[in-house]
Every structure is written in structure tokens, then in C-alpha cells.
$ cat start-v3.cif   # mmCIF, C-alpha atoms and all ligand atoms
data_entry
#
loop_
_atom_site.label_atom_id
_atom_site.label_comp_id
_atom_site.auth_asym_id
_atom_site.auth_seq_id
_atom_site.Cartn_x
_atom_site.Cartn_y
_atom_site.Cartn_z
CA MET A 298 58.73 -18.07 56.00
CA SER A 299 60.87 -17.23 52.98
CA ASP A 300 60.04 -15.45 49.76
CA PRO A 301 59.79 -18.63 47.66
CA ASP A 302 56.75 -19.38 49.85
CA LEU A 303 55.18 -16.20 48.63
CA THR A 304 55.73 -17.23 45.01
CA ALA A 305 54.04 -20.56 45.72
CA LEU A 306 51.17 -18.73 47.40
CA GLN A 307 50.77 -16.49 44.36
CA SER A 308 50.54 -19.53 42.06
CA GLU A 309 48.00 -21.11 44.37
CA PHE A 310 45.94 -17.91 44.31
CA THR A 311 46.16 -17.68 40.52
CA ALA A 312 45.00 -21.29 40.16
CA ALA A 313 42.08 -20.72 42.54
CA LEU A 314 41.03 -17.63 40.57
CA ALA A 315 41.25 -19.50 37.28
CA ALA A 316 39.09 -22.27 38.72
CA ALA A 317 36.36 -19.74 39.59
CA LYS A 318 33.93 -19.98 36.68
CA ASP A 319 31.57 -17.17 37.65
CA GLY A 320 31.65 -13.83 39.43
CA ALA A 321 30.37 -15.24 42.76
CA SER A 322 33.11 -17.86 43.08
CA ALA A 323 35.79 -15.36 42.03
CA ASP A 324 34.51 -13.05 44.79
CA ARG A 325 34.76 -15.87 47.26
CA VAL A 326 38.40 -16.57 46.29
CA LYS A 327 39.13 -12.89 46.60
CA SER A 328 37.79 -12.59 50.14
CA ASP A 329 39.35 -15.92 51.24
CA TRP A 330 42.73 -14.48 50.32
CA LEU A 331 42.49 -10.73 50.59
CA GLY A 332 39.66 -10.29 53.11
CA ARG A 333 40.04 -9.17 56.73
CA THR A 334 40.57 -12.75 57.88
CA GLY A 335 42.09 -13.90 54.60
CA ARG A 336 45.32 -15.79 54.09
CA LEU A 337 47.43 -12.78 53.13
CA ARG A 338 46.28 -10.93 56.24
CA LYS A 339 47.57 -13.78 58.34
CA LEU A 340 51.02 -13.35 56.72
CA THR A 341 51.04 -9.73 57.85
CA GLU A 342 50.21 -10.74 61.41
CA GLU A 343 53.25 -13.02 61.44
CA LEU A 344 55.52 -10.01 60.70
CA GLY A 345 55.55 -9.15 64.41
CA LYS A 346 57.86 -12.05 65.14
CA LEU A 347 60.59 -10.72 62.82
CA SER A 348 63.47 -8.35 63.44
CA PRO A 349 63.04 -4.78 62.19
CA ASP A 350 65.32 -5.39 59.17
CA GLN A 351 63.63 -8.61 58.19
CA LYS A 352 60.29 -7.02 58.80
CA LYS A 353 61.03 -4.31 56.27
CA ILE A 354 61.98 -6.72 53.46
CA ARG A 355 59.28 -9.24 54.18
CA GLY A 356 56.65 -6.53 54.60
CA LYS A 357 57.38 -5.14 51.18
CA ALA A 358 57.29 -8.61 49.60
CA ILE A 359 53.91 -9.35 51.20
CA ASN A 360 52.56 -6.00 50.10
CA ASP A 361 53.69 -6.61 46.50
CA LEU A 362 52.00 -9.98 46.58
CA LYS A 363 48.82 -8.40 47.91
CA LEU A 364 48.78 -5.78 45.13
CA ALA A 365 49.42 -8.42 42.47
CA CYS A 366 46.62 -10.61 43.83
CA GLU A 367 44.20 -7.70 44.01
CA ALA A 368 44.91 -6.73 40.38
CA ALA A 369 44.54 -10.37 39.25
CA ALA A 370 41.24 -10.69 41.14
CA GLU A 371 39.87 -7.49 39.50
CA ASP A 372 40.88 -8.71 36.03
CA ARG A 373 39.23 -12.07 36.61
CA LEU A 374 36.03 -10.48 37.89
CA LYS A 375 35.88 -8.15 34.89
CA ALA A 376 36.47 -11.00 32.45
CA LEU A 377 33.76 -13.12 34.07
CA ALA A 378 31.30 -10.21 34.02
CA SER A 379 31.67 -9.60 30.28
CA ASN A 380 31.61 -13.35 29.61
CA GLY A 381 28.45 -13.60 31.63
CA ALA A 382 26.79 -11.00 29.39
CA LYS A 383 27.62 -13.06 26.33
CA ALA A 384 26.55 -16.42 27.69
CA ALA A 385 22.78 -16.03 27.60
CA PRO A 386 20.52 -18.38 29.57
CA ALA A 387 19.13 -21.28 27.55
CA ASP A 388 15.65 -19.74 27.27
CA ALA A 389 16.84 -16.30 26.18
CA ILE A 390 15.69 -14.85 22.84
CA ASP A 391 18.48 -15.01 20.27
CA VAL A 392 18.11 -11.71 18.48
CA THR A 393 20.60 -12.79 15.82
CA LEU A 394 18.30 -15.53 14.48
CA PRO A 395 16.43 -14.70 11.26
CA GLY A 396 12.99 -13.35 12.21
CA THR A 397 9.58 -14.74 11.37
CA SER A 398 8.80 -12.93 8.16
CA THR A 399 5.70 -10.75 8.16
CA LYS A 400 3.42 -11.29 5.21
CA LEU A 401 3.38 -8.06 3.26
CA GLY A 402 0.10 -6.90 1.84
CA ARG A 403 -0.14 -5.78 -1.72
CA ARG A 404 -2.33 -3.64 -3.86
CA HIS A 405 -5.50 -5.37 -4.98
CA PRO A 406 -5.39 -6.38 -8.69
CA ILE A 407 -8.24 -3.97 -9.40
CA TYR A 408 -6.22 -1.08 -8.00
CA GLN A 409 -3.09 -2.30 -9.80
CA THR A 410 -5.07 -2.24 -13.04
CA MET A 411 -6.49 1.19 -12.22
CA ASP A 412 -2.97 2.52 -11.56
CA GLU A 413 -1.77 1.08 -14.85
CA ILE A 414 -4.58 2.74 -16.84
CA ARG A 415 -4.03 6.00 -14.99
CA GLU A 416 -0.33 5.92 -15.89
CA ILE A 417 -1.05 5.26 -19.56
CA PHE A 418 -3.24 8.36 -19.65
CA ALA A 419 -0.69 10.32 -17.66
CA LYS A 420 1.75 9.72 -20.53
CA LEU A 421 -0.90 11.14 -22.89
CA GLY A 422 -1.14 14.29 -20.79
CA PHE A 423 -4.16 13.41 -18.63
CA GLU A 424 -3.86 14.19 -14.94
CA ALA A 425 -5.78 12.25 -12.29
CA ALA A 426 -8.68 13.81 -10.42
CA TYR A 427 -11.21 12.40 -7.98
CA GLY A 428 -14.89 12.93 -7.40
CA PRO A 429 -17.11 12.17 -4.41
CA GLU A 430 -18.69 8.72 -4.03
CA ILE A 431 -21.76 10.30 -2.45
CA GLU A 432 -23.41 12.48 -5.06
CA THR A 433 -26.51 14.53 -5.46
CA SER A 434 -29.04 13.54 -8.08
CA TYR A 435 -28.13 16.76 -9.90
CA TYR A 436 -24.56 15.62 -10.66
CA ASN A 437 -25.43 11.96 -11.19
CA PHE A 438 -28.30 12.70 -13.58
CA GLU A 439 -29.52 16.20 -14.46
CA ALA A 440 -26.16 17.84 -15.07
CA LEU A 441 -25.42 14.96 -17.40
CA ASN A 442 -28.63 15.52 -19.32
CA ILE A 443 -30.13 12.28 -17.99
CA PRO A 444 -33.88 12.81 -17.47
CA LEU A 445 -34.87 10.92 -14.34
CA ASP A 446 -38.10 9.62 -15.84
CA HIS A 447 -36.44 8.44 -19.04
CA PRO A 448 -35.42 4.82 -19.78
CA ALA A 449 -31.88 6.12 -20.35
CA ALA A 450 -31.68 6.72 -16.59
CA GLU A 451 -32.40 3.13 -15.72
CA PRO A 452 -28.90 1.64 -15.88
CA PHE A 453 -27.73 4.47 -13.65
CA ASP A 454 -30.43 4.09 -11.06
CA THR A 455 -28.80 3.46 -7.74
CA TRP A 456 -28.78 3.52 -3.96
CA TYR A 457 -30.43 6.58 -2.46
CA LEU A 458 -29.28 7.76 0.91
CA ASP A 459 -32.27 9.85 1.88
CA ASP A 460 -36.01 9.40 2.13
CA PRO A 461 -37.89 11.03 -0.78
CA GLU A 462 -40.88 11.76 1.49
CA VAL A 463 -38.75 13.72 3.92
CA ALA A 464 -36.44 15.33 1.40
CA SER A 465 -37.53 18.88 0.69
CA ARG A 466 -34.46 19.66 -1.38
CA PRO A 467 -34.54 19.95 -5.15
CA TYR A 468 -32.08 17.06 -5.24
CA ARG A 469 -31.44 13.78 -3.47
CA PHE A 470 -28.33 12.15 -2.07
CA LEU A 471 -27.18 8.89 -3.59
CA LEU A 472 -24.17 6.69 -4.23
CA ARG A 473 -22.84 7.65 -7.65
CA SER A 474 -23.68 5.07 -10.29
CA HIS A 475 -20.88 6.14 -12.61
CA THR A 476 -17.79 8.37 -12.53
CA SER A 477 -19.32 10.77 -15.10
CA PRO A 478 -20.61 13.19 -12.41
CA ALA A 479 -16.93 14.01 -11.84
CA GLN A 480 -16.90 15.52 -15.35
CA MET A 481 -19.19 18.26 -14.13
CA HIS A 482 -17.27 18.87 -10.91
CA ILE A 483 -14.10 19.30 -12.92
CA MET A 484 -15.65 21.57 -15.56
CA GLU A 485 -17.18 23.73 -12.83
CA ALA A 486 -13.85 24.02 -11.06
CA ARG A 487 -11.52 24.82 -13.94
CA LYS A 488 -11.33 26.33 -17.36
CA PRO A 489 -10.32 24.49 -20.55
CA PRO A 490 -7.91 23.10 -21.59
CA ILE A 491 -8.95 20.14 -19.46
CA ARG A 492 -7.40 16.69 -19.68
CA VAL A 493 -8.22 14.46 -16.73
CA VAL A 494 -8.97 10.89 -15.80
CA VAL A 495 -11.07 10.04 -12.75
CA PRO A 496 -10.66 6.57 -11.27
CA GLY A 497 -13.05 5.46 -8.56
CA LYS A 498 -15.79 3.32 -7.08
CA VAL A 499 -19.31 3.29 -8.45
CA PHE A 500 -22.51 1.69 -7.18
CA ARG A 501 -25.46 0.10 -8.91
CA THR A 502 -28.43 -2.02 -7.96
CA ASP A 503 -27.13 -4.91 -10.10
CA PRO A 504 -27.17 -8.24 -8.30
CA ALA A 505 -23.77 -10.01 -8.31
CA ASP A 506 -23.21 -12.54 -11.08
CA ALA A 507 -20.20 -13.61 -13.15
CA SER A 508 -19.96 -10.20 -14.82
CA HIS A 509 -21.70 -7.79 -12.40
CA LEU A 510 -21.11 -6.50 -8.90
CA PRO A 511 -23.16 -3.85 -7.09
CA VAL A 512 -19.91 -2.05 -6.26
CA PHE A 513 -17.26 -1.79 -8.93
CA HIS A 514 -14.73 0.65 -10.38
CA GLN A 515 -14.65 2.93 -13.38
CA LEU A 516 -12.13 5.22 -14.92
CA GLU A 517 -13.58 8.32 -16.52
CA GLY A 518 -11.75 10.41 -19.08
CA LEU A 519 -12.45 14.00 -20.10
CA MET A 520 -10.77 16.32 -22.54
CA VAL A 521 -12.13 19.79 -23.29
CA ASP A 522 -10.39 22.38 -25.40
CA GLU A 523 -10.82 24.43 -28.56
CA GLY A 524 -11.19 22.23 -31.61
CA VAL A 525 -11.30 18.83 -29.93
CA SER A 526 -12.82 16.38 -32.41
CA PHE A 527 -13.99 12.80 -32.63
CA ALA A 528 -10.64 12.06 -34.33
CA ASP A 529 -8.91 13.06 -31.08
CA LEU A 530 -11.14 10.68 -29.15
CA LYS A 531 -10.34 7.85 -31.58
CA GLY A 532 -6.62 8.57 -31.55
CA VAL A 533 -6.30 8.79 -27.77
CA LEU A 534 -8.30 5.63 -27.15
CA ALA A 535 -6.57 3.65 -29.92
CA ILE A 536 -3.18 4.45 -28.38
CA ALA A 537 -4.38 3.79 -24.84
CA MET A 538 -5.83 0.38 -25.79
CA LYS A 539 -2.58 -0.65 -27.50
CA GLU A 540 -0.66 0.37 -24.36
CA LEU A 541 -3.10 -1.53 -22.20
CA PHE A 542 -3.65 -4.75 -24.17
CA GLY A 543 -0.60 -4.91 -26.47
CA ALA A 544 0.69 -3.26 -29.64
CA LYS A 545 -1.38 -5.47 -31.98
CA THR A 546 -4.68 -4.44 -30.40
CA GLU A 547 -7.24 -2.99 -32.82
CA THR A 548 -9.99 -0.63 -31.74
CA ARG A 549 -13.54 -0.45 -33.15
CA PHE A 550 -16.12 2.29 -32.54
CA ARG A 551 -19.81 1.37 -32.68
CA PRO A 552 -22.57 4.00 -32.63
CA SER A 553 -24.31 4.09 -29.28
CA TYR A 554 -26.32 6.38 -27.05
CA PHE A 555 -25.53 8.21 -23.84
CA PRO A 556 -27.56 11.28 -22.85
CA PHE A 557 -24.38 13.22 -21.97
CA THR A 558 -22.43 12.61 -25.19
CA GLU A 559 -23.36 13.29 -28.82
CA PRO A 560 -22.40 11.44 -30.89
CA SER A 561 -21.74 8.46 -28.64
CA ALA A 562 -19.79 5.31 -29.30
CA GLU A 563 -19.22 1.98 -27.67
CA VAL A 564 -15.57 0.97 -28.03
CA ASP A 565 -14.48 -2.61 -28.70
CA VAL A 566 -10.95 -4.00 -28.77
CA SER A 567 -9.84 -7.00 -30.81
CA CYS A 568 -10.20 -10.01 -28.53
CA VAL A 569 -7.16 -10.23 -26.28
CA LEU A 570 -7.41 -14.02 -26.13
CA CYS A 571 -7.87 -15.02 -29.78
CA ALA A 572 -6.54 -11.81 -31.41
CA GLY A 573 -9.76 -11.48 -33.40
CA ALA A 574 -10.13 -15.04 -34.65
CA GLY A 575 -13.20 -15.72 -32.49
CA CYS A 576 -13.33 -17.65 -29.22
CA SER A 577 -15.62 -18.20 -26.24
CA ALA A 578 -14.46 -15.00 -24.49
CA CYS A 579 -15.58 -12.83 -27.45
CA LYS A 580 -18.48 -15.17 -28.27
CA GLY A 581 -16.96 -15.84 -31.67
CA SER A 582 -17.08 -12.19 -32.77
CA GLY A 583 -13.37 -11.41 -32.36
CA TRP A 584 -14.26 -8.17 -30.51
CA ILE A 585 -14.73 -7.31 -26.85
CA GLU A 586 -16.56 -4.22 -25.61
CA VAL A 587 -14.47 -2.24 -23.13
CA LEU A 588 -15.86 1.26 -22.79
CA GLY A 589 -18.45 3.90 -23.55
CA SER A 590 -17.47 7.23 -25.06
CA GLY A 591 -18.54 10.24 -27.08
CA MET A 592 -18.28 13.96 -27.65
CA VAL A 593 -19.37 15.94 -24.59
CA HIS A 594 -23.00 17.03 -25.19
CA PRO A 595 -23.28 20.82 -25.76
CA LYS A 596 -25.92 20.97 -23.02
CA VAL A 597 -23.46 19.50 -20.53
CA LEU A 598 -20.89 22.14 -21.50
CA GLU A 599 -23.55 24.81 -21.05
CA TYR A 600 -24.48 23.50 -17.58
CA ALA A 601 -20.80 23.86 -16.72
CA LYS A 602 -20.79 27.42 -18.14
CA ILE A 603 -18.35 26.46 -20.88
CA ASP A 604 -19.24 27.99 -24.25
CA PRO A 605 -20.06 25.10 -26.64
CA GLU A 606 -19.50 27.43 -29.59
CA LYS A 607 -15.91 27.89 -28.55
CA TYR A 608 -15.02 24.63 -26.87
CA SER A 609 -15.65 20.99 -27.53
CA GLY A 610 -14.59 17.85 -25.76
CA PHE A 611 -14.76 14.11 -25.51
CA ALA A 612 -15.44 11.81 -22.60
CA PHE A 613 -15.14 8.12 -21.99
CA GLY A 614 -15.76 5.70 -19.17
CA MET A 615 -14.38 2.20 -18.72
CA GLY A 616 -15.08 -0.56 -16.22
CA VAL A 617 -11.86 -1.38 -14.40
CA GLU A 618 -12.99 -4.90 -13.35
CA ARG A 619 -13.81 -5.75 -16.93
CA ILE A 620 -10.38 -4.65 -18.11
CA ALA A 621 -8.67 -6.48 -15.26
CA MET A 622 -10.60 -9.67 -16.11
CA LEU A 623 -9.41 -9.47 -19.71
CA LYS A 624 -5.82 -8.62 -18.85
CA LEU A 625 -5.43 -11.11 -16.02
CA GLY A 626 -7.60 -13.88 -17.47
CA VAL A 627 -10.11 -13.90 -14.61
CA PRO A 628 -13.37 -15.55 -15.76
CA ASP A 629 -15.66 -14.39 -12.93
CA ILE A 630 -15.79 -10.84 -11.51
CA ARG A 631 -16.75 -12.19 -8.08
CA HIS A 632 -13.26 -13.64 -7.61
CA PHE A 633 -12.02 -10.11 -7.01
CA ILE A 634 -14.09 -9.68 -3.87
CA ARG A 635 -13.74 -13.20 -2.49
CA SER A 636 -10.17 -12.11 -1.77
CA HIS A 637 -8.84 -15.63 -1.49
CA PRO A 638 -5.17 -15.10 -0.57
CA LEU A 639 -3.95 -17.58 -3.19
CA PHE A 640 -5.99 -15.84 -5.86
CA LEU A 641 -4.80 -12.36 -4.93
CA ARG A 642 -1.17 -13.40 -4.48
CA GLN A 643 -0.89 -14.16 -8.21
CA TRP A 644 -0.38 -10.48 -8.95
N1 LIG A 701 -20.85 6.78 -17.62
C1 LIG A 701 -21.07 5.80 -18.65
C2 LIG A 701 -21.43 4.48 -18.01
O1 LIG A 701 -21.24 4.32 -16.84
C3 LIG A 701 -19.88 5.62 -19.53
C4 LIG A 701 -19.52 6.85 -20.32
C5 LIG A 701 -18.66 7.78 -19.82
C6 LIG A 701 -20.05 7.04 -21.58
C7 LIG A 701 -18.33 8.91 -20.54
C8 LIG A 701 -19.74 8.16 -22.32
C9 LIG A 701 -18.88 9.08 -21.81
O2 LIG A 701 -21.90 3.57 -18.67
#

$ encode --input "start-v3.cif" --output "C-alpha cells"
Amino acid sequence: MSDPDLTALQSEFTAALAAAKDGASADRVKSDWLGRTGRLRKLTEELGKLSPDQKKIRGKAINDLKLACEAAAEDRLKALASNGAKAAPADAIDVTLPGTSTKLGRRHPIYQTMDEIREIFAKLGFEAAYGPEIETSYYNFEALNIPLDHPAAEPFDTWYLDDPEVASRPYRFLLRSHTSPAQMHIMEARKPPIRVVVPGKVFRTDPADASHLPVFHQLEGLMVDEGVSFADLKGVLAIAMKELFGAKTETRFRPSYFPFTEPSAEVDVSCVLCAGAGCSACKGSGWIEVLGSGMVHPKVLEYAKIDPEKYSGFAFGMGVERIAMLKLGVPDIRHFIRSHPLFLRQW
């Protein structure tokens, strides 16, 4: 056999390797040719028939062919292995496809509104503070100068958490019916100057209707310092209402009564829908009531061991749902707790 035969054999081997489309068939080609009983081995066996000189030349040629074939087989196997990794089976997960998007939650419109109010007051120098939702009757009533047997206590009557027959304490546990008890916690904990707002949940025995829920939110405000006057209360709230409802918003203070403020005022804003002209939302009056306020009662300061001769303060409390309804144009407070995804996704 002459060397040109070896060249032909090499081409044949190369073609067979190229025809192998996966690792297993390439392996088979490799062992058919290079294995212990393979075709190249047979060439070596034939060497015995040659003269020593011929044997030397032919032997080297066969060995070169063997090395070339081995290298080609390795290359082919490597190429098929990396190809195999790329060609995924038909049912494999394609991680490069865009994913199924997860629906992100968002802050409830009531909490968005609460955050917005809190930020407005932050700009006016009021920091945020929080009070407990479970209160004692002392903080919910007595410390705020609300006599329990007085009609003034009625709107604040609420859910008690203990049994009056069993309770031997001088106070009872209840769900706070307003955020005002936080005023006392704050005044007990720090010295004036005090400028805080307290957002949070409150609880009342009101049955749910278009404008009431037994659980709702308030934002309390408290400022105590030397020389704080009713003018400060008016100024702060007038600015805050303009920030909240728009620069054209007017504010009106009507005399009112709260046991923990003296004097007290109910605050109205010019109707956000008709700008004061009169519509169904403001029942034709052009004004909408948004909060209760007043100068902190001297007795309340005294309970907090703050000298009413030296310090004075104002407080206010607003219903967050009510403000959200006005700002977002929601006609029924109950929508907020039905949590219909289409309703909530508007904001
Ligand atoms: N706590 C009162 C209420 O819930 C509102 C209020 C707060 C009034 C602070 C005056 C001062 O109705």
C-alpha cells in the first residue's frame, strides 16, 4: 500500500467524522478507526510484511495519520459537546424569553393621601410621630378633658377591650377613637417646642355608610411653644390647605367645641369641585368641612406638666378618608375598603 492510500484514508475519516452529528456517533467513528480493532490498527499489522527500510518510512506515515485522526476526532467531539449545550431540547425553558410580569402592589390611596399630608407638614417643620392604636381610657378621654359621662364624649365612644365588671384598674383598655391621645403621649415624652403630626388608624362604633366607616384614619397636628397663638393655627392650616387642595383654596374657621381645645374651630375649605360657587358636593354652600382644631386647653397642658402660663399651643385633627374623597373624587367612603383592583389601580 502506498502513501496516496493513506491520504485517501484520511479524507474518508474526515468525511465520516463530519457526518457524525452528535457525540455518540463521533465516538463510534473514532473507535471504528482508531480503536484496538480499528482500520488504522490493521495498517500497522500489515507492516510486518515490509522490508526494514520500507517499514521505517511507512510506519512513520501511518503514525502521522493516526495522530492527525486522533486530533481531528477530539476537535469534532469538543465541537459537538458545546453545540449540544446550545441546542436545547424542544421542551426546555427558554430563559431568554421575556418573563411573565408580576403585578406590583402599590400603596393604598388612603396611605398615599396620608403621606402627602405628612409631607406638607414636614415642609412646615412638623415631624411625624405615632401613637398606640390600643389606648387606655385615660389617654382617650380624661387626659383630653373629656368627661366620660358628658355628651361631649359620645362621638368618641368606642370599642372596649376589657370587661368593666372584671376590670379593677382605674382605667380601661380600648381602641382609640381619635388620634388626639397621641398629643398627650408626645407632651409627656418631650419638652416644647413641639411640632408634630400623628397619622394613624382610629376606631368608632359608627356603622358603615357613604361617609362613615368604623375604622378610618386621622392625622393629628400639635404645636406647643412660647407665644403660639390662634393666628399661628390659622396661618399653618391656610398654607397646608392650599398645598393640599390647590393655591386658590380658601380656608374658613367656624366656632366649635372640643373639650381639649379652647377656643375650638371647625375648619372649612372652599369647595374643591365648584371653587365656592355651590354644588351638590358642598350642598350649595361653597364650603366643605375638613377638620377640627383649636388652642390646646390649659388643663391638657397641665395634665402633661407643661406650664400653661409659659407655653401655649394649637392642635388639629383631620379625617384622611374625607380628604382623599375630596382630592380623588370618590363619592362613597366604602369604595376604599372594597379594594376592587380596578378602583385601586387608578392611583
Ligand atoms: N380629635 C378630634 C376628632 O376626632 C379632632 C380634633 C383634634 C379637634 C385636635 C381639635 C383638636 O373629632

$ residues_near_ligand --input "start-v3.cif" --ligand "ligand LIG 701 (chain A)" --cutoff "10 Å" --atoms "all atoms listed in the file" --output "ChimeraX atom specification"
/A:437,441,452-453,473-478,480,499,501,514-519,553-564,588-594,611-616

$ axis_aligned_box --input "start-v3.cif" --around "stretch 620-638 of chain A" --padding-each-side "4 Å" --output "AutoDock Vina command-line options"
--center_x -11.0 --center_y -10.1 --center_z -10.1 --size_x 19.6 --size_y 19.0 --size_z 27.1

$ closest_residue --input "start-v3.cif" --among "A:Asp529, A:Lys353, A:Leu471, A:Ala370" --to "A:Ser328" --atoms "all atoms listed in the file"
A:Ala370

$ atom_distance --input "start-v3.cif" --atom1 "atom CA of A:Leu458" --atom2 "atom CA of A:Lys602"
28.7 Å

$ residues_around --input "start-v3.cif" --residues "A:Gly428" --least-positions-apart "4" --cutoff "9 Å" --atoms "all atoms listed in the file" --output "VMD selection string"
chain A and resid 432 476 478 to 480 482 to 483 495 to 497

$ write_last_selection --input "start-v3.cif" --atoms "C-alpha atoms" --output "PDB file, in the coordinates of the input"
ATOM      1  CA  GLU A 432     -23.410  12.480  -5.060  1.00  0.00           C
ATOM      2  CA  THR A 476     -17.790   8.370 -12.530  1.00  0.00           C
ATOM      3  CA  PRO A 478     -20.610  13.190 -12.410  1.00  0.00           C
ATOM      4  CA  ALA A 479     -16.930  14.010 -11.840  1.00  0.00           C
ATOM      5  CA  GLN A 480     -16.900  15.520 -15.350  1.00  0.00           C
ATOM      6  CA  HIS A 482     -17.270  18.870 -10.910  1.00  0.00           C
ATOM      7  CA  ILE A 483     -14.100  19.300 -12.920  1.00  0.00           C
ATOM      8  CA  VAL A 495     -11.070  10.040 -12.750  1.00  0.00           C
ATOM      9  CA  PRO A 496     -10.660   6.570 -11.270  1.00  0.00           C
ATOM     10  CA  GLY A 497     -13.050   5.460  -8.560  1.00  0.00           C
TER      11      GLY A 497
END

$ atom_distance --input "start-v3.cif" --atom1 "atom CA of A:Phe310" --atom2 "atom CA of A:Ser348"
27.7 Å

$ residues_around --input "start-v3.cif" --residues "A:Thr410" --least-positions-apart "2" --cutoff "12 Å" --atoms "only C-alpha atoms" --output "VMD selection string"
chain A and resid 404 to 408 412 to 417 496 to 497 514 to 516 541 to 542 615 to 625 644

$ write_last_selection --input "start-v3.cif" --atoms "C-alpha atoms" --output "PDB file, in the coordinates of the input"
ATOM      1  CA  ARG A 404      -2.330  -3.640  -3.860  1.00  0.00           C
ATOM      2  CA  HIS A 405      -5.500  -5.370  -4.980  1.00  0.00           C
ATOM      3  CA  PRO A 406      -5.390  -6.380  -8.690  1.00  0.00           C
ATOM      4  CA  ILE A 407      -8.240  -3.970  -9.400  1.00  0.00           C
ATOM      5  CA  TYR A 408      -6.220  -1.080  -8.000  1.00  0.00           C
ATOM      6  CA  ASP A 412      -2.970   2.520 -11.560  1.00  0.00           C
ATOM      7  CA  GLU A 413      -1.770   1.080 -14.850  1.00  0.00           C
ATOM      8  CA  ILE A 414      -4.580   2.740 -16.840  1.00  0.00           C
ATOM      9  CA  ARG A 415      -4.030   6.000 -14.990  1.00  0.00           C
ATOM     10  CA  GLU A 416      -0.330   5.920 -15.890  1.00  0.00           C
ATOM     11  CA  ILE A 417      -1.050   5.260 -19.560  1.00  0.00           C
ATOM     12  CA  PRO A 496     -10.660   6.570 -11.270  1.00  0.00           C
ATOM     13  CA  GLY A 497     -13.050   5.460  -8.560  1.00  0.00           C
ATOM     14  CA  HIS A 514     -14.730   0.650 -10.380  1.00  0.00           C
ATOM     15  CA  GLN A 515     -14.650   2.930 -13.380  1.00  0.00           C
ATOM     16  CA  LEU A 516     -12.130   5.220 -14.920  1.00  0.00           C
ATOM     17  CA  LEU A 541      -3.100  -1.530 -22.200  1.00  0.00           C
ATOM     18  CA  PHE A 542      -3.650  -4.750 -24.170  1.00  0.00           C
ATOM     19  CA  MET A 615     -14.380   2.200 -18.720  1.00  0.00           C
ATOM     20  CA  GLY A 616     -15.080  -0.560 -16.220  1.00  0.00           C
ATOM     21  CA  VAL A 617     -11.860  -1.380 -14.400  1.00  0.00           C
ATOM     22  CA  GLU A 618     -12.990  -4.900 -13.350  1.00  0.00           C
ATOM     23  CA  ARG A 619     -13.810  -5.750 -16.930  1.00  0.00           C
ATOM     24  CA  ILE A 620     -10.380  -4.650 -18.110  1.00  0.00           C
ATOM     25  CA  ALA A 621      -8.670  -6.480 -15.260  1.00  0.00           C
ATOM     26  CA  MET A 622     -10.600  -9.670 -16.110  1.00  0.00           C
ATOM     27  CA  LEU A 623      -9.410  -9.470 -19.710  1.00  0.00           C
ATOM     28  CA  LYS A 624      -5.820  -8.620 -18.850  1.00  0.00           C
ATOM     29  CA  LEU A 625      -5.430 -11.110 -16.020  1.00  0.00           C
ATOM     30  CA  TRP A 644      -0.380 -10.480  -8.950  1.00  0.00           C
TER      31      TRP A 644
END

$ closest_residue --input "start-v3.cif" --among "A:Tyr436, A:Tyr608, A:Tyr468, A:Phe550" --to "A:Gly524" --atoms "all atoms listed in the file"
A:Tyr608

$ atom_distance --input "start-v3.cif" --atom1 "atom CA of A:Ser636" --atom2 "atom CA of A:Glu540"
27.5 Å

$ residues_around --input "start-v3.cif" --residues "stretch 572-584 of chain A" --least-positions-apart "3" --cutoff "12 Å" --atoms "only C-alpha atoms" --output "MDAnalysis selection string"
chainID A and resid 542:551 563:569 587 619 622:623 626:629

$ residues_around --input "start-v3.cif" --residues "A:Lys363" --least-positions-apart "2" --cutoff "10 Å" --atoms "all atoms listed in the file" --output "JSON, numbers by chain"
{"A": [307, 330, 331, 337, 338, 357, 358, 359, 360, 361, 365, 366, 367, 368, 369]}

$ closest_residue --input "start-v3.cif" --among "A:Gly335, A:Trp456, A:Arg635, A:Leu374" --to "A:Ala315" --atoms "all atoms listed in the file"
A:Leu374

$ decode --input "start-v3.cif" --residues "stretch 617-627 of chain A" --atoms "N, CA, C and O atoms" --output "mmCIF file, in the first residue's frame"
data_model
loop_
_atom_site.group_PDB
_atom_site.id
_atom_site.type_symbol
_atom_site.label_atom_id
_atom_site.label_comp_id
_atom_site.auth_asym_id
_atom_site.auth_seq_id
_atom_site.Cartn_x
_atom_site.Cartn_y
_atom_site.Cartn_z
ATOM 1 N N VAL A 617 -58.543 61.463 57.166
ATOM 2 C CA VAL A 617 -57.789 61.243 55.926
ATOM 3 C C VAL A 617 -58.713 60.769 54.796
ATOM 4 O O VAL A 617 -58.600 61.217 53.646
ATOM 5 N N GLU A 618 -59.681 59.881 55.120
ATOM 6 C CA GLU A 618 -60.604 59.394 54.088
ATOM 7 C C GLU A 618 -61.369 60.552 53.460
ATOM 8 O O GLU A 618 -61.553 60.605 52.239
ATOM 9 N N ARG A 619 -61.807 61.456 54.322
ATOM 10 C CA ARG A 619 -62.589 62.588 53.828
ATOM 11 C C ARG A 619 -61.763 63.428 52.846
ATOM 12 O O ARG A 619 -62.249 63.831 51.789
ATOM 13 N N ILE A 620 -60.514 63.654 53.196
ATOM 14 C CA ILE A 620 -59.646 64.442 52.325
ATOM 15 C C ILE A 620 -59.351 63.693 51.026
ATOM 16 O O ILE A 620 -59.380 64.259 49.935
ATOM 17 N N ALA A 621 -59.131 62.382 51.161
ATOM 18 C CA ALA A 621 -58.881 61.574 49.963
ATOM 19 C C ALA A 621 -60.100 61.582 49.041
ATOM 20 O O ALA A 621 -59.972 61.686 47.821
ATOM 21 N N MET A 622 -61.301 61.502 49.618
ATOM 22 C CA MET A 622 -62.527 61.518 48.815
ATOM 23 C C MET A 622 -62.624 62.816 48.017
ATOM 24 O O MET A 622 -62.963 62.815 46.834
ATOM 25 N N LEU A 623 -62.300 63.927 48.676
ATOM 26 C CA LEU A 623 -62.371 65.230 48.005
ATOM 27 C C LEU A 623 -61.306 65.348 46.920
ATOM 28 O O LEU A 623 -61.568 65.794 45.811
ATOM 29 N N LYS A 624 -60.096 64.932 47.258
ATOM 30 C CA LYS A 624 -58.987 65.076 46.304
ATOM 31 C C LYS A 624 -59.121 64.136 45.104
ATOM 32 O O LYS A 624 -58.758 64.488 43.991
ATOM 33 N N LEU A 625 -59.595 62.917 45.375
ATOM 34 C CA LEU A 625 -59.622 61.911 44.313
ATOM 35 C C LEU A 625 -60.997 61.798 43.650
ATOM 36 O O LEU A 625 -61.169 61.032 42.703
ATOM 37 N N GLY A 626 -61.977 62.538 44.198
ATOM 38 C CA GLY A 626 -63.314 62.486 43.614
ATOM 39 C C GLY A 626 -64.010 61.158 43.853
ATOM 40 O O GLY A 626 -64.679 60.631 42.977
ATOM 41 N N VAL A 627 -63.854 60.606 45.049
ATOM 42 C CA VAL A 627 -64.508 59.337 45.387
ATOM 43 C C VAL A 627 -65.796 59.651 46.162
ATOM 44 O O VAL A 627 -65.744 60.276 47.215
#
